[in-house]
$ cat input37.cif   # mmCIF, C-alpha atoms
data_my_file
#
loop_
_atom_site.label_atom_id
_atom_site.label_comp_id
_atom_site.auth_asym_id
_atom_site.auth_seq_id
_atom_site.Cartn_x
_atom_site.Cartn_y
_atom_site.Cartn_z
CA MET A 1 6.06 0.37 25.78
CA SER A 2 9.02 -1.04 23.87
CA THR A 3 11.42 1.14 21.91
CA SER A 4 9.91 0.12 18.58
CA ASP A 5 6.41 1.02 19.81
CA ALA A 6 7.69 4.49 20.63
CA THR A 7 9.24 4.70 17.17
CA THR A 8 6.02 3.51 15.55
CA ALA A 9 3.86 5.99 17.43
CA ALA A 10 6.24 8.88 16.80
CA GLU A 11 7.07 8.23 13.15
CA ALA A 12 3.88 6.84 11.61
CA HIS A 13 0.81 8.89 10.71
CA PRO A 14 -1.44 8.90 13.84
CA ARG A 15 -4.27 7.02 12.07
CA PHE A 16 -1.81 4.38 10.87
CA ALA A 17 -0.13 4.12 14.30
CA GLU A 18 -3.59 3.46 15.76
CA ALA A 19 -4.24 0.76 13.13
CA LEU A 20 -0.95 -0.93 14.06
CA ARG A 21 -1.98 -0.91 17.74
CA GLU A 22 -5.43 -2.32 16.94
CA LEU A 23 -3.86 -5.11 14.87
CA GLY A 24 -1.26 -5.81 17.55
CA LEU A 25 1.51 -5.25 15.00
CA ASP A 26 4.94 -4.23 16.20
CA VAL A 27 6.75 -2.99 13.11
CA GLU A 28 9.72 -0.71 12.66
CA VAL A 29 8.55 2.51 11.02
CA ARG A 30 11.44 4.23 9.29
CA ARG A 31 11.42 7.94 8.53
CA PHE A 32 13.49 9.50 5.75
CA PRO A 33 14.33 13.19 5.36
CA GLU A 34 13.81 12.91 1.61
CA ALA A 35 10.31 11.98 0.49
CA THR A 36 9.64 8.33 -0.30
CA ARG A 37 6.53 9.34 -2.25
CA THR A 38 7.33 7.21 -5.30
CA ALA A 39 8.35 3.56 -5.34
CA ALA A 40 11.73 4.52 -6.84
CA GLU A 41 12.39 7.11 -4.11
CA ALA A 42 11.43 4.60 -1.41
CA ALA A 43 13.62 1.82 -2.85
CA ALA A 44 16.60 4.19 -3.10
CA ALA A 45 16.15 5.43 0.48
CA ILE A 46 15.71 1.92 1.93
CA GLY A 47 18.34 0.29 -0.26
CA CYS A 48 16.05 -2.47 -1.53
CA GLU A 49 14.82 -3.69 -4.91
CA LEU A 50 12.04 -1.65 -6.56
CA SER A 51 9.86 -4.79 -6.59
CA GLU A 52 10.08 -4.97 -2.76
CA ILE A 53 8.09 -1.72 -2.46
CA VAL A 54 4.31 -2.01 -2.10
CA LYS A 55 2.27 0.61 -3.92
CA SER A 56 -1.18 1.14 -2.36
CA LEU A 57 -3.25 2.46 -5.26
CA ILE A 58 -6.89 3.52 -5.20
CA PHE A 59 -9.01 2.90 -8.29
CA GLU A 60 -12.67 3.58 -9.00
CA ALA A 61 -14.65 0.56 -10.20
CA ASP A 62 -18.03 1.78 -11.44
CA GLY A 63 -17.59 4.72 -9.05
CA VAL A 64 -16.71 2.53 -6.02
CA PRO A 65 -13.19 2.84 -4.52
CA VAL A 66 -11.02 -0.27 -4.56
CA LEU A 67 -7.45 -0.63 -3.24
CA VAL A 68 -4.87 -2.42 -5.38
CA LEU A 69 -1.57 -3.48 -3.79
CA MET A 70 1.15 -3.73 -6.44
CA ASP A 71 4.91 -4.16 -6.35
CA GLY A 72 6.93 -1.04 -7.11
CA SER A 73 8.42 -2.30 -10.35
CA SER A 74 5.08 -3.19 -11.97
CA ARG A 75 2.04 -1.41 -13.31
CA VAL A 76 -1.60 -2.29 -12.70
CA ASP A 77 -3.47 -3.65 -15.73
CA VAL A 78 -6.79 -1.82 -15.40
CA GLU A 79 -8.48 -4.36 -17.72
CA LEU A 80 -7.48 -7.22 -15.40
CA VAL A 81 -8.82 -5.27 -12.40
CA ARG A 82 -12.07 -4.62 -14.28
CA ALA A 83 -12.43 -8.34 -15.12
CA GLU A 84 -11.54 -9.39 -11.55
CA LEU A 85 -14.23 -7.11 -10.10
CA GLY A 86 -16.80 -7.70 -12.85
CA ALA A 87 -16.99 -3.92 -13.23
CA GLY A 88 -18.04 -1.94 -16.28
CA LYS A 89 -15.42 0.79 -15.92
CA VAL A 90 -12.25 1.08 -13.83
CA LYS A 91 -10.00 4.15 -13.59
CA ARG A 92 -7.39 5.60 -11.24
CA ALA A 93 -9.00 7.61 -8.45
CA GLY A 94 -8.26 11.31 -8.17
CA ALA A 95 -6.38 12.81 -5.21
CA GLU A 96 -9.59 13.97 -3.49
CA LEU A 97 -11.20 10.51 -3.60
CA VAL A 98 -7.96 8.89 -2.40
CA ARG A 99 -7.84 11.19 0.65
CA GLU A 100 -11.60 10.86 1.29
CA THR A 101 -11.44 7.04 1.10
CA THR A 102 -8.18 6.36 2.91
CA GLY A 103 -7.55 9.44 5.05
CA TYR A 104 -4.08 9.78 3.51
CA ALA A 105 -2.55 11.75 0.65
CA ILE A 106 -1.21 10.06 -2.49
CA GLY A 107 2.42 9.08 -1.85
CA GLY A 108 1.77 8.10 1.76
CA VAL A 109 -1.18 5.67 1.52
CA PRO A 110 -0.50 2.57 3.63
CA PRO A 111 -1.98 -0.85 2.74
CA PHE A 112 -4.34 -0.79 5.75
CA GLY A 113 -5.56 1.58 8.48
CA HIS A 114 -7.85 3.50 6.13
CA ARG A 115 -10.77 5.75 6.99
CA THR A 116 -13.21 3.48 5.11
CA ARG A 117 -13.25 -0.24 4.32
CA THR A 118 -12.72 -0.98 0.64
CA ARG A 119 -12.29 -4.10 -1.44
CA VAL A 120 -8.57 -4.94 -1.64
CA LEU A 121 -6.82 -6.73 -4.50
CA ALA A 122 -3.18 -7.73 -3.95
CA ASP A 123 -1.07 -8.71 -6.92
CA ARG A 124 0.46 -12.18 -6.60
CA GLY A 125 3.92 -10.75 -7.42
CA LEU A 126 4.17 -9.36 -3.87
CA LEU A 127 4.50 -12.95 -2.61
CA ASP A 128 7.82 -13.31 -4.47
CA HIS A 129 9.59 -11.57 -1.56
CA ASP A 130 10.33 -12.43 2.07
CA VAL A 131 9.83 -8.81 3.13
CA VAL A 132 8.15 -5.87 1.41
CA TRP A 133 8.10 -2.18 2.35
CA ALA A 134 4.97 -0.01 2.35
CA ALA A 135 4.09 3.59 3.22
CA ALA A 136 3.25 4.25 6.89
CA GLY A 137 0.78 7.06 6.22
CA THR A 138 3.14 9.85 5.16
CA PRO A 139 5.40 10.47 2.14
CA HIS A 140 8.43 10.19 4.49
CA THR A 141 7.68 6.94 6.34
CA VAL A 142 7.79 3.25 5.44
CA PHE A 143 7.59 -0.07 7.28
CA PRO A 144 8.66 -3.64 6.48
CA LEU A 145 6.42 -6.70 6.73
CA ASP A 146 6.23 -10.13 5.17
CA PRO A 147 3.82 -9.97 2.20
CA LYS A 148 1.40 -12.66 3.47
CA SER A 149 0.85 -10.75 6.73
CA LEU A 150 0.58 -7.43 4.90
CA ILE A 151 -2.06 -8.80 2.49
CA GLY A 152 -3.87 -10.49 5.39
CA HIS A 153 -4.03 -7.32 7.50
CA ALA A 154 -5.23 -5.38 4.44
CA GLY A 155 -7.99 -7.95 3.91
CA GLY A 156 -6.67 -8.49 0.40
CA THR A 157 -7.51 -11.12 -2.17
CA VAL A 158 -4.45 -12.39 -4.07
CA VAL A 159 -5.00 -11.90 -7.81
CA ASP A 160 -3.04 -11.42 -11.04
CA VAL A 161 -3.55 -7.79 -12.05
CA ARG A 162 0.01 -6.88 -13.12
CA GLU A 163 0.53 -5.45 -16.59
CA GLN A 164 2.41 -8.08 -18.58
CA SER A 165 5.32 -6.83 -20.65
CA LYS A 166 4.46 -6.98 -24.31
#
$ encode --input "input37.cif" --output "structure tokens"
Amino acid sequence: MSTSDATTAAEAHPRFAEALRELGLDVEVRRFPEATRTAAEAAAAIGCELSEIVKSLIFEADGVPVLVLMDGSSRVDVELVRAELGAGKVKRAGAELVRETTGYAIGGVPPFGHRTRTRVLADRGLLDHDVVWAAAGTPHTVFPLDPKSLIGHAGGTVVDVREQSK
């Protein structure tokens, strides 16, 4: 076991650490004493741009959970998600559904390694970066990965679902 594997196993949420092992991913999981629950907190702790943070957000599309991966400086346009999915109604999922679907609490949801398989939409803006940072299963842990690999491991479809500034 390499040093980074030990770090991954020790720092990441156990379910997420297992997902990393299953995917054969060797990533550096970083733990911060202050919470990195919000994109702004994570960017400040890491010392990166807000847009280099990946938010893993659960929505309900006609009652079915869907994961949207969005950069930390942008907001999801629910209408674009609705159109992309061909759904009648899309809304943010509540904390209970997020935990039930992913196995993680809001603020620590990683882009993959969830309890259940959901449809995944990844906003194209994530591809603007060489490396992005996402939650590693807890509000105190993050990991870096190139966005193409991250979206691939999440099983995501690249779409345009970012709210455009008016």
$ resolve_selection --input "input37.cif" --expression "the PyMOL selection byres ((chain A and resi 142-155) around 7)" --output "ChimeraX atom specification"
/A:27-31,111-112,120,122,126-127,130-136,141,156-157
$ resolve_selection --input "input37.cif" --expression "the PyMOL selection byres ((chain A and resi 118) around 12)" --output "list in words"
Leu57, Ile58, Phe59, Glu60, Ala61, Val64, Pro65, Val66, Leu67, Val68, Val98, Glu100, Thr101, Thr102, Pro111, Phe112, Gly113, His114, Arg115, Thr116, Arg117, Arg119, Val120, Leu121, Ala154, Gly155, Gly156 and Thr157 of chain A
$ atom_distance --input "input37.cif" --atom1 "CA of Leu85 (chain A)" --atom2 "CA of Asp71 (chain A)"
19.7 Å
$ closest_residue --input "input37.cif" --among "A:Gly137, A:His129, A:Leu80, A:Glu18" --to "Glu49 (chain A)" --atoms "only C-alpha atoms"
A:His129
$ closest_residue --input "input37.cif" --among "A:Thr138, A:Leu50, A:Gly103, A:Lys89" --to "Thr36 (chain A)" --atoms "only C-alpha atoms"
A:Thr138
$ resolve_selection --input "input37.cif" --expression "the PyMOL selection byres ((chain A and resi 72) around 6)" --output "PDB file with C-alpha atoms, in the frame of the given file"
ATOM      1  CA  ALA A  39       8.350   3.560  -5.340  1.00  0.00           C
ATOM      2  CA  LEU A  50      12.040  -1.650  -6.560  1.00  0.00           C
ATOM      3  CA  SER A  51       9.860  -4.790  -6.590  1.00  0.00           C
ATOM      4  CA  ILE A  53       8.090  -1.720  -2.460  1.00  0.00           C
ATOM      5  CA  VAL A  54       4.310  -2.010  -2.100  1.00  0.00           C
ATOM      6  CA  LYS A  55       2.270   0.610  -3.920  1.00  0.00           C
ATOM      7  CA  ASP A  71       4.910  -4.160  -6.350  1.00  0.00           C
ATOM      8  CA  SER A  73       8.420  -2.300 -10.350  1.00  0.00           C
ATOM      9  CA  SER A  74       5.080  -3.190 -11.970  1.00  0.00           C
TER      10      SER A  74
END
$ closest_residue --input "input37.cif" --among "A:Ala42, A:Ala105, A:Met70, A:Phe32" --to "Asp123 (chain A)" --atoms "only C-alpha atoms"
A:Met70
$ atom_distance --input "input37.cif" --atom1 "CA of His140 (chain A)" --atom2 "CA of Pro14 (chain A)"
13.7 Å
$ atom_distance --input "input37.cif" --atom1 "CA of Arg75 (chain A)" --atom2 "CA of Glu34 (chain A)"
23.8 Å
$ closest_residue --input "input37.cif" --among "A:Val161, A:Gly63, A:Pro139, A:Ala95" --to "Ala45 (chain A)" --atoms "all atoms listed in the file"
A:Pro139
$ closest_residue --input "input37.cif" --among "A:Leu69, A:Ala43, A:Glu11, A:Ala17" --to "Arg124 (chain A)" --atoms "all atoms listed in the file"
A:Leu69
$ build_atoms --input "input37.cif" --residues "region 137-148 of chain A" --atoms "all heavy atoms" --output "compact mmCIF listing (two decimals), keeping the file's coordinate frame"
# COMPACT_ATOMS: atom_id res chain seq x y z
N GLY A 137 1.73 5.96 6.07
CA GLY A 137 0.78 7.06 6.22
C GLY A 137 1.28 8.43 5.85
O GLY A 137 0.51 9.38 5.81
N THR A 138 2.60 8.56 5.59
CA THR A 138 3.14 9.85 5.16
C THR A 138 4.12 9.60 4.01
O THR A 138 4.61 8.48 3.85
CB THR A 138 3.92 10.58 6.29
OG1 THR A 138 5.21 9.98 6.43
CG2 THR A 138 3.17 10.55 7.62
N PRO A 139 4.43 10.63 3.23
CA PRO A 139 5.40 10.47 2.14
C PRO A 139 6.85 10.28 2.63
O PRO A 139 7.74 10.08 1.83
CB PRO A 139 5.29 11.77 1.35
CG PRO A 139 4.01 12.40 1.77
CD PRO A 139 3.77 11.94 3.17
N HIS A 140 7.07 10.33 3.94
CA HIS A 140 8.43 10.19 4.49
C HIS A 140 8.62 8.92 5.32
O HIS A 140 9.70 8.71 5.86
CB HIS A 140 8.76 11.40 5.39
CG HIS A 140 8.87 12.68 4.63
ND1 HIS A 140 10.04 13.10 4.03
CD2 HIS A 140 7.94 13.62 4.33
CE1 HIS A 140 9.81 14.24 3.42
NE2 HIS A 140 8.56 14.58 3.58
N THR A 141 7.58 8.10 5.46
CA THR A 141 7.68 6.94 6.34
C THR A 141 7.32 5.64 5.63
O THR A 141 6.41 5.61 4.79
CB THR A 141 6.77 7.10 7.58
OG1 THR A 141 5.43 7.36 7.14
CG2 THR A 141 7.25 8.22 8.49
N VAL A 142 8.03 4.59 5.99
CA VAL A 142 7.79 3.25 5.44
C VAL A 142 7.95 2.22 6.56
O VAL A 142 8.54 2.51 7.60
CB VAL A 142 8.76 2.90 4.28
CG1 VAL A 142 8.55 3.79 3.08
CG2 VAL A 142 10.21 2.96 4.75
N PHE A 143 7.42 1.02 6.32
CA PHE A 143 7.59 -0.07 7.28
C PHE A 143 7.73 -1.38 6.52
O PHE A 143 7.19 -1.54 5.44
CB PHE A 143 6.41 -0.13 8.26
CG PHE A 143 5.13 -0.63 7.64
CD1 PHE A 143 4.74 -1.97 7.77
CD2 PHE A 143 4.31 0.23 6.91
CE1 PHE A 143 3.57 -2.43 7.19
CE2 PHE A 143 3.14 -0.23 6.32
CZ PHE A 143 2.77 -1.57 6.46
N PRO A 144 8.49 -2.33 7.10
CA PRO A 144 8.66 -3.64 6.48
C PRO A 144 7.70 -4.66 7.09
O PRO A 144 7.36 -4.58 8.27
CB PRO A 144 10.10 -3.99 6.85
CG PRO A 144 10.28 -3.39 8.22
CD PRO A 144 9.41 -2.14 8.23
N LEU A 145 7.26 -5.61 6.26
CA LEU A 145 6.42 -6.70 6.73
C LEU A 145 6.49 -7.82 5.71
O LEU A 145 6.72 -7.56 4.52
CB LEU A 145 4.97 -6.21 6.88
CG LEU A 145 4.03 -7.05 7.76
CD1 LEU A 145 4.51 -7.14 9.20
CD2 LEU A 145 2.62 -6.45 7.73
N ASP A 146 6.26 -9.05 6.16
CA ASP A 146 6.23 -10.13 5.17
C ASP A 146 4.93 -9.98 4.37
O ASP A 146 3.91 -9.55 4.91
CB ASP A 146 6.34 -11.51 5.85
CG ASP A 146 5.07 -11.89 6.56
OD1 ASP A 146 4.91 -11.46 7.73
OD2 ASP A 146 4.22 -12.58 5.96
N PRO A 147 4.97 -10.27 3.06
CA PRO A 147 3.82 -9.97 2.20
C PRO A 147 2.54 -10.70 2.59
O PRO A 147 1.45 -10.13 2.47
CB PRO A 147 4.29 -10.37 0.81
CG PRO A 147 5.57 -11.08 0.97
CD PRO A 147 6.11 -10.78 2.32
N LYS A 148 2.62 -11.94 3.07
CA LYS A 148 1.40 -12.66 3.47
C LYS A 148 0.69 -11.94 4.60
O LYS A 148 -0.53 -11.78 4.58
CB LYS A 148 1.73 -14.10 3.88
CG LYS A 148 1.92 -15.03 2.72
CD LYS A 148 1.96 -16.48 3.20
CE LYS A 148 2.04 -17.42 2.03
NZ LYS A 148 3.36 -17.98 1.81
